[in-house]
$ cat coords.txt   # compact mmCIF, C-alpha atoms
# COMPACT_ATOMS: atom_id res chain seq x y z
CA MET V 1 14.03 -23.48 -6.27
CA GLU V 2 15.49 -20.99 -8.73
CA ALA V 3 16.60 -17.63 -7.33
CA LYS V 4 18.15 -14.62 -9.00
CA GLY V 5 19.53 -11.48 -7.42
CA ILE V 6 18.87 -8.10 -9.03
CA GLU V 7 20.69 -4.90 -8.08
CA LEU V 8 18.01 -2.25 -8.23
CA SER V 9 17.14 1.15 -6.80
CA ILE V 10 13.42 1.76 -6.24
CA PRO V 11 12.48 5.38 -7.00
CA MET V 12 10.38 6.91 -4.22
CA PRO V 13 7.98 9.83 -3.66
CA GLY V 14 9.64 12.57 -1.63
CA HIS V 15 13.06 11.70 -3.06
CA PRO V 16 13.51 14.06 -6.05
CA ILE V 17 15.33 12.81 -9.13
CA ALA V 18 18.14 15.03 -10.47
CA ASP V 19 18.13 15.58 -14.23
CA GLN V 20 21.27 13.52 -14.77
CA PHE V 21 19.63 10.51 -13.10
CA VAL V 22 16.25 10.57 -14.88
CA GLU V 23 17.24 8.02 -17.52
CA ARG V 24 18.71 5.66 -14.92
CA THR V 25 15.57 6.03 -12.82
CA LEU V 26 13.32 5.13 -15.75
CA GLN V 27 15.49 2.09 -16.43
CA ASP V 28 15.03 1.00 -12.82
CA VAL V 29 11.27 1.44 -13.20
CA ALA V 30 11.31 -0.67 -16.36
CA THR V 31 13.30 -3.40 -14.58
CA LEU V 32 10.85 -3.43 -11.68
CA GLU V 33 7.90 -3.56 -14.09
CA LYS V 34 9.44 -6.55 -15.87
CA LEU V 35 10.06 -8.39 -12.60
CA ILE V 36 6.47 -7.85 -11.50
CA ASP V 37 5.12 -8.88 -14.91
CA GLU V 38 7.04 -12.15 -14.69
CA ALA V 39 6.03 -12.92 -11.09
CA GLU V 40 2.98 -14.89 -10.08
CA LEU V 41 2.89 -13.16 -6.70
CA VAL V 42 4.89 -10.30 -5.18
CA PHE V 43 6.24 -10.07 -1.63
CA LEU V 44 6.89 -6.47 -0.61
CA LEU V 45 9.49 -6.34 2.18
CA THR V 46 11.26 -3.00 1.76
CA ASP V 47 12.41 -0.78 4.64
CA THR V 48 10.52 2.48 4.27
CA ARG V 49 6.93 3.49 3.66
CA GLU V 50 7.72 5.42 0.50
CA SER V 51 9.77 2.56 -1.01
CA ARG V 52 6.58 0.46 -1.00
CA TRP V 53 4.66 2.97 -3.11
CA LEU V 54 5.93 2.19 -6.63
CA PRO V 55 5.64 -1.62 -6.33
CA THR V 56 2.12 -1.12 -4.94
CA VAL V 57 1.13 1.04 -7.91
CA LEU V 58 2.63 -1.41 -10.41
CA CYS V 59 0.90 -4.41 -8.83
CA ALA V 60 -2.45 -2.61 -8.68
CA ALA V 61 -2.15 -1.51 -12.32
CA ARG V 62 -1.46 -5.10 -13.39
CA GLY V 63 -3.89 -6.86 -11.07
CA LYS V 64 -0.95 -8.69 -9.54
CA PRO V 65 -1.34 -10.13 -6.01
CA CYS V 66 1.01 -8.45 -3.53
CA ILE V 67 1.70 -9.36 0.08
CA ASN V 68 3.15 -6.50 2.09
CA VAL V 69 5.12 -7.06 5.30
CA ALA V 70 6.07 -4.12 7.54
CA LEU V 71 7.87 -4.26 10.90
CA GLY V 72 8.03 -2.05 13.97
CA PHE V 73 10.12 -2.70 17.06
CA ASP V 74 7.79 -5.35 18.45
CA THR V 75 4.87 -5.16 16.02
CA PHE V 76 4.22 -6.19 12.44
CA VAL V 77 1.51 -5.86 9.81
CA ILE V 78 0.95 -8.21 6.90
CA ILE V 79 -1.46 -7.09 4.18
CA ARG V 80 -2.57 -8.87 1.05
CA HIS V 81 -3.28 -6.00 -1.29
CA GLY V 82 -6.51 -5.93 -3.22
CA VAL V 83 -6.64 -6.21 -6.99
CA PRO V 84 -9.11 -4.68 -9.50
CA ASP V 85 -12.35 -6.64 -9.34
CA PRO V 86 -13.43 -7.61 -12.89
CA SER V 87 -17.04 -7.99 -11.72
CA ALA V 88 -17.23 -4.42 -10.36
CA ALA V 89 -18.52 -1.47 -12.36
CA PRO V 90 -15.78 0.91 -13.59
CA ASP V 91 -15.36 4.14 -11.65
CA ALA V 92 -15.36 7.68 -13.06
CA HIS V 93 -11.82 7.12 -14.37
CA GLY V 94 -12.70 3.93 -16.22
CA GLN V 95 -10.97 1.73 -13.66
CA GLN V 96 -12.51 -1.15 -11.74
CA PRO V 97 -12.15 -0.68 -7.96
CA CYS V 98 -9.96 -3.06 -5.98
CA ASN V 99 -11.66 -5.74 -3.90
CA LEU V 100 -9.57 -4.89 -0.79
CA GLY V 101 -7.44 -1.99 0.40
CA CYS V 102 -3.67 -1.70 0.10
CA TYR V 103 -0.96 -0.54 2.48
CA PHE V 104 -1.70 3.10 1.67
CA CYS V 105 -5.50 3.03 1.78
CA ASN V 106 -5.68 4.07 5.44
CA ASP V 107 -3.23 6.96 5.02
CA VAL V 108 -4.38 10.57 5.04
CA VAL V 109 -1.06 11.89 3.70
CA ALA V 110 0.95 10.87 0.66
CA PRO V 111 4.20 8.94 1.14
CA THR V 112 7.27 11.14 1.42
CA ASP V 113 10.81 11.01 2.81
CA SER V 114 10.40 9.16 6.12
CA THR V 115 14.12 8.90 6.93
CA ARG V 116 15.08 12.57 7.12
CA ASN V 117 16.09 13.78 10.60
CA ARG V 118 15.20 10.45 12.23
CA ILE V 119 17.39 8.19 14.31
CA LEU V 120 17.50 4.44 13.56
CA ASP V 121 14.86 3.54 16.17
CA GLN V 122 12.43 5.99 14.60
CA GLN V 123 13.00 4.41 11.19
CA CYS V 124 11.78 1.00 12.40
CA THR V 125 15.28 -0.37 11.74
CA ALA V 126 15.68 -1.94 15.19
CA THR V 127 13.32 -4.84 15.88
CA ARG V 128 13.04 -7.75 18.27
CA PRO V 129 15.19 -10.68 17.07
CA GLY V 130 12.40 -13.04 16.08
CA LEU V 131 10.04 -10.51 14.53
CA SER V 132 11.10 -10.71 10.87
CA ALA V 133 11.07 -14.52 10.85
CA ILE V 134 7.60 -14.63 12.44
CA ALA V 135 6.13 -12.05 10.05
CA SER V 136 7.76 -13.55 6.96
CA SER V 137 6.56 -17.07 7.77
CA ILE V 138 2.97 -15.84 8.22
CA ALA V 139 3.22 -13.99 4.89
CA VAL V 140 4.25 -17.24 3.21
CA GLU V 141 1.26 -19.02 4.74
CA ILE V 142 -1.05 -16.30 3.39
CA ALA V 143 0.49 -16.79 -0.06
CA VAL V 144 -0.16 -20.53 0.15
CA SER V 145 -3.77 -19.88 1.19
CA ILE V 146 -4.26 -17.51 -1.75
CA MET V 147 -2.89 -20.04 -4.21
CA HIS V 148 -5.21 -22.76 -2.87
CA HIS V 149 -8.31 -20.57 -2.83
CA PRO V 150 -10.71 -20.98 -5.77
CA ASN V 151 -10.89 -17.19 -6.17
CA ARG V 152 -7.15 -16.68 -5.71
CA CYS V 153 -6.35 -12.99 -5.07
CA LEU V 154 -10.05 -12.05 -5.34
CA ALA V 155 -10.85 -14.15 -2.27
CA PRO V 156 -13.01 -12.35 0.32
CA SER V 157 -11.51 -11.42 3.66
CA ASP V 158 -12.09 -13.35 6.89
CA ILE V 159 -11.85 -11.92 10.39
CA SER V 160 -11.24 -13.64 13.73
CA GLY V 161 -13.76 -16.31 14.60
CA GLN V 162 -15.48 -16.26 11.21
CA VAL V 163 -14.81 -18.78 8.49
CA GLY V 164 -17.06 -18.40 5.49
CA ASP V 165 -17.95 -20.97 2.86
CA HIS V 166 -15.24 -19.58 0.59
CA SER V 167 -12.54 -20.35 3.19
CA GLU V 168 -13.84 -23.82 3.90
CA ALA V 169 -13.80 -24.52 0.16
CA ALA V 170 -10.10 -23.67 0.11
CA GLY V 171 -9.43 -26.24 2.83
CA LEU V 172 -6.89 -24.10 4.71
CA GLY V 173 -9.16 -22.12 7.04
CA LEU V 174 -9.10 -18.35 7.46
CA LEU V 175 -7.79 -16.08 4.73
CA PRO V 176 -7.55 -12.60 6.28
CA HIS V 177 -6.88 -9.29 4.61
CA GLN V 178 -4.52 -7.97 7.29
CA ILE V 179 -2.77 -9.52 10.27
CA ARG V 180 -1.43 -7.15 12.89
CA GLY V 181 0.93 -8.83 15.34
CA PHE V 182 2.09 -7.71 18.77
CA LEU V 183 5.06 -9.44 20.39
CA SER V 184 4.56 -7.46 23.60
CA ASN V 185 1.61 -9.74 24.42
CA PHE V 186 2.11 -12.41 21.72
CA SER V 187 -1.19 -11.73 20.01
CA ASN V 188 -2.46 -11.23 16.47
CA VAL V 189 -5.47 -9.23 15.29
CA LEU V 190 -7.20 -9.86 11.96
CA VAL V 191 -8.39 -6.69 10.23
CA ARG V 192 -10.29 -5.96 7.03
CA GLY V 193 -9.72 -2.66 5.23
CA GLU V 194 -11.75 -1.41 2.30
CA ALA V 195 -10.17 0.10 -0.79
CA PHE V 196 -10.11 3.91 -0.57
CA ASP V 197 -11.13 5.79 -3.71
CA LYS V 198 -8.65 8.57 -2.81
CA CYS V 199 -5.74 6.21 -2.15
CA THR V 200 -2.41 7.56 -3.41
CA ALA V 201 -1.33 4.12 -4.67
CA CYS V 202 -4.21 1.89 -5.81
CA SER V 203 -7.18 4.19 -6.50
CA GLY V 204 -8.70 4.36 -9.96
CA LYS V 205 -7.42 7.89 -10.51
CA ILE V 206 -3.82 6.89 -9.78
CA ARG V 207 -4.01 3.81 -12.01
CA SER V 208 -5.57 5.90 -14.77
CA GLU V 209 -2.82 8.53 -14.63
CA TYR V 210 -0.15 5.83 -14.67
CA ALA V 211 -1.76 4.23 -17.74
CA LYS V 212 -2.09 7.54 -19.63
CA ASP V 213 1.38 9.00 -19.07
CA LYS V 214 3.64 6.67 -17.12
CA LYS V 215 6.83 8.73 -17.40
CA GLY V 216 5.25 12.08 -16.59
CA PHE V 217 3.14 10.64 -13.78
CA LEU V 218 6.04 8.91 -12.05
CA LEU V 219 8.49 11.82 -12.34
CA ASN V 220 5.85 14.18 -10.93
CA ALA V 221 5.22 11.78 -8.06
CA PHE V 222 8.93 11.51 -7.25
CA ASN V 223 9.71 15.22 -7.53
CA ASP V 224 6.59 17.02 -6.27
CA ALA V 225 5.62 16.43 -2.63
CA ASP V 226 2.03 17.56 -3.24
CA TYR V 227 1.40 15.80 -6.53
CA LEU V 228 -0.04 12.52 -5.25
CA GLU V 229 -2.42 14.15 -2.78
CA GLU V 230 -3.68 16.54 -5.46
CA THR V 231 -3.96 13.92 -8.19
CA SER V 232 -5.72 11.30 -6.09
CA GLY V 233 -8.20 13.83 -4.70
CA LEU V 234 -6.94 13.26 -1.16
CA LYS V 235 -6.04 16.93 -0.65
CA GLU V 236 -9.54 18.07 -1.60
CA TYR V 237 -11.04 15.32 0.56
CA LEU V 238 -9.05 16.47 3.60
CA LYS V 239 -10.00 20.10 2.98
CA ALA V 240 -13.69 19.16 2.91
CA SER V 241 -13.25 17.22 6.16
CA GLU V 242 -11.55 20.17 7.85
CA ASP V 243 -14.30 22.52 6.68
CA ALA V 244 -16.93 20.16 8.08
CA ILE V 245 -15.16 20.04 11.46
CA GLU V 246 -14.92 23.85 11.58
CA GLU V 247 -18.62 24.12 10.77
CA TRP V 248 -19.40 21.62 13.52
CA ASP V 249 -17.36 23.68 16.01
CA VAL V 250 -19.20 26.85 15.02
CA ASN V 251 -22.56 25.15 15.49
CA ASP V 252 -21.46 23.90 18.92
CA ASP V 253 -20.52 27.43 19.94
CA GLU V 254 -23.94 28.73 18.85
CA PHE V 255 -25.65 25.98 20.84
CA GLU V 256 -23.72 26.87 24.00
CA ASP V 257 -24.68 30.55 23.65
$ encode --input "coords.txt" --output "structure tokens"
Amino acid sequence: MEAKGIELSIPMPGHPIADQFVERTLQDVATLEKLIDEAELVFLLTDTRESRWLPTVLCAARGKPCINVALGFDTFVIIRHGVPDPSAAPDAHGQQPCNLGCYFCNDVVAPTDSTRNRILDQQCTATRPGLSAIASSIAVEIAVSIMHHPNRCLAPSDISGQVGDHSEAAGLGLLPHQIRGFLSNFSNVLVRGEAFDKCTACSGKIRSEYAKDKKGFLLNAFNDADYLEETSGLKEYLKASEDAIEEWDVNDDEFED
């Protein structure tokens, strides 16, 4: 095995970049892009939610398989991110939708500073002693299953108790999209999550903006807390949902009268 250590800061949404550090930040982005370009598969094991955003965007933009591992105190989630499906029709932004969701597809808010005014326990820094080893070993097994699957990172997702023909063809059994583990009762749950067209990391709109103006897009994302929600369409989506709920409440009141 060949290993190489890289000292690198990952720029993050919700962590504004001062003018004197813009050039250094763009150099860090370029280094991360190069590392991802050279990798066959990416493991994403960073501490905070927002530190996972940029690698997720870069992998989605390049169609690079990414396995995300996140830990709580006695829980973990492992997600193999989707990649753009070359057989799918392009969306309104000219981008092909991903075959599966990413870490951010279930979020209804954009990533921001998750460490401010939080003690260590609230930052998911303290975990049970065996948790990281368990989660990391499962992530490696998912990587092996992806590499042995005929469709590689485009492989469909299996859930508990169901092994499709595609999994049997791979010879290694189930290939889930997400595994959520619970050490409190020593159980795992297999989950499938669809790609969200308003996702702040892998949606077609986000990938399109990154492709058109990488520097401007990234600096806006780092410095403006509302930028990702507005750009992805998530803010408008949430507003429409709130309006629908209010209308529902009004209709309920009329019915009771």
$ closest_atom_pairs --input "coords.txt" --of "region 16-113 of chain V" --to "region 216-227 of chain V" --cutoff "10 Å" --atoms "all atoms listed in the file" --output "tab-separated table"
residue	atom	partner	partner_atom	distance
V:Pro16	CA	V:Asn223	CA	4.2
V:Ile17	CA	V:Asn223	CA	6.3
V:Ala18	CA	V:Asn223	CA	8.9
V:Val22	CA	V:Leu219	CA	8.3
V:Thr25	CA	V:Leu219	CA	9.2
V:Leu26	CA	V:Leu219	CA	8.9
V:Val29	CA	V:Leu218	CA	9.2
V:Glu50	CA	V:Phe222	CA	9.9
V:Leu54	CA	V:Leu218	CA	8.6
V:Val109	CA	V:Asp226	CA	9.5
V:Ala110	CA	V:Asp226	CA	7.8
V:Pro111	CA	V:Ala225	CA	8.5
V:Thr112	CA	V:Ala225	CA	6.9
V:Asp113	CA	V:Ala225	CA	9.3
$ closest_residue --input "coords.txt" --among "V:Leu32, V:Ile159, V:Leu238, V:Leu41" --to "Val144 (chain V)" --atoms "all atoms listed in the file"
V:Leu41
$ closest_residue --input "coords.txt" --among "V:Ile79, V:Ala88, V:Leu58, V:Leu154" --to "Asn106 (chain V)" --atoms "all atoms listed in the file"
V:Ile79
$ residues_around --input "coords.txt" --residues "region 203-211 of chain V" --least-positions-apart "2" --cutoff "8 Å" --atoms "all atoms listed in the file" --output "list in words"
Val57, Ala60, Ala61, Asp91, His93, Gly94, Gln95, Gln96, Pro97, Cys98, Ala195, Phe196, Asp197, Lys198, Cys199, Thr200, Ala201, Asp213, Lys214, Phe217, Leu218, Thr231 and Ser232 of chain V
$ closest_residue --input "coords.txt" --among "V:Gly173, V:Gly82, V:Gly193, V:Pro129" --to "Glu141 (chain V)" --atoms "all atoms listed in the file"
V:Gly173
$ atom_distance --input "coords.txt" --atom1 "CA of Cys202 (chain V)" --atom2 "CA of Thr75 (chain V)"
24.7 Å
$ atom_distance --input "coords.txt" --atom1 "CA of Val108 (chain V)" --atom2 "CA of His81 (chain V)"
17.8 Å
$ closest_residue --input "coords.txt" --among "V:Ile245, V:Leu228, V:Met1, V:Met12" --to "Ser114 (chain V)" --atoms "all atoms listed in the file"
V:Met12
$ atom_distance --input "coords.txt" --atom1 "CA of Ile142 (chain V)" --atom2 "CA of Glu7 (chain V)"
27.1 Å
$ closest_residue --input "coords.txt" --among "V:Ser145, V:Ser9, V:Ser51, V:Thr127" --to "Asp74 (chain V)" --atoms "only C-alpha atoms"
V:Thr127
$ residues_around --input "coords.txt" --residues "Ile6 (chain V)" --least-positions-apart "6" --cutoff "12 Å" --atoms "only C-alpha atoms" --output "PyMOL selection string"
chain V and resi 28+31-32+34-35
